[in-house]
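J.: A single structure is presented below for examination.
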Amino acid sequence: MILTKAQYDEIAQCLVSVPPTRQSLRKLKQRFPSQSQATLLSIFSQEYQKHIKRTHAKHHTSEAIESYYQRYLNGVGRNGAAPVLLDLANEVDYAPSLMARIILERFLQEHEETPPSKSVINSMLRDPSQIPDGVLANQVYQCIVNDCCYGPLVDCIKHAIGHEHEVLLRDLLLEKSLSFLDEDQLRAKGYDKTPDFILQVPVAVEGHIIHWIESKASFGDECSHHAYLHDQFWSYWNRLFGATWASREMEAACLVPLPDPMVCSRTAVRYLVSSKGKHKSTCHAGILSISGPDARGLLGPSPCL
């Protein structure tokens with residue numbers, strides 16, 4: 001199904017006053033029953049990450065860190081088994097995993113002779129049993145497993161989903177007998193920045209020529225599209241199209257809307273295609289989900305899909 005801009009804005013507005021908890025996600029699903037859990041979770045995660053970036057600095061002042069640390073010490077002093085850190089993170093509207101990092105760093109600074117390195121902190125967050133204080137280890141663990149948007153557990157899930165759907169996309173391309181090069185093959189040819197797949201024989205979708213495919217395991221809102229264009233897509237255009245498809249007429253790059261299903265799941269495929277437009281400012285966002293049943297027919301090898 002198609003998620004319209006108005007529907008997306010309604011969900012995003014609803015998220016402004018929602019804390020990042022599983023209970024909130026259940027309420028969100030009740031509010032928007034027509035949307036999948038995966039869609040709501042992905043939008044929820046992206047909107048919350050934007051909020052965290054806006055408020056990150058105020059949680060990392062020396063005054064804030066000392067205040068959080070003293071509140072943690074007072075809380076576990078009264079009841080070490082209570083979810084002190086998790087409650088504190090929710091109270092100040094900060095990601096539980098990031099709050100755990102702040103307190104862990106402050107604790108190690110107080111108890112270690114040398115400041116802890118980033119790798120040591122990351123290792124302890126991935127495996128709280130390494131933390132020398134049992135109470136703090138339990139508090140950190142509670143934060144990690146109850147964080148829907150940040151932390152090593154979420155990172156592992158995102159990585160697994162991304163890899164899973166790259167494999168799915170590869171299988172679809174093979175099933176449709178499309179000739180392609182993947183990232184490993186492109187790196188072997190000397191490319192340092194590569195999309196997931198380059199089609200050795202381009203295909204057409206609604207009159208637009210598709211040269212390569214980039215898979216992103218996230219919801220494609222306008223902000224993420226602009227970020228990916230800046231960080232990845234334009235470099236693909238300049239490095240890969242300029243060398244590989246120099247003989248083809250390509251005057252501008254744009255992301256075009258594709259047929260149903262669009263913008264409907266956390267797993268999406270973004271297509272960067274050539275157009276007859278005269279300016280790169282004509283770029284706009286479009287997403288094709290590869291998780292819907294109709295997506296398989298859109299990857300066929302016919303000249304015009």
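Letters A, B, ... mark the chains of the structure tokens in the order given; residue numbers begin at 1 per chain; ligand numbers begin at 1, in order shown.
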List the neighbours of Leu88 in chain A out to 10 Å using only C-alpha atoms; skip same-chain residues closer than 4 positions along the sequence, and give me the result as a PyMOL selection string.

T.: chain A and resi 68+71-72+75+83-84+92-96+99-100

J.: Using only C-alpha atoms, which of the listed residues (A:His163, A:Arg26, A:His211, A:Lys193) sits closest to Ser179 in chain A?

T.: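 Selected residue with least distance to Ser179 in chain A: A:His211.
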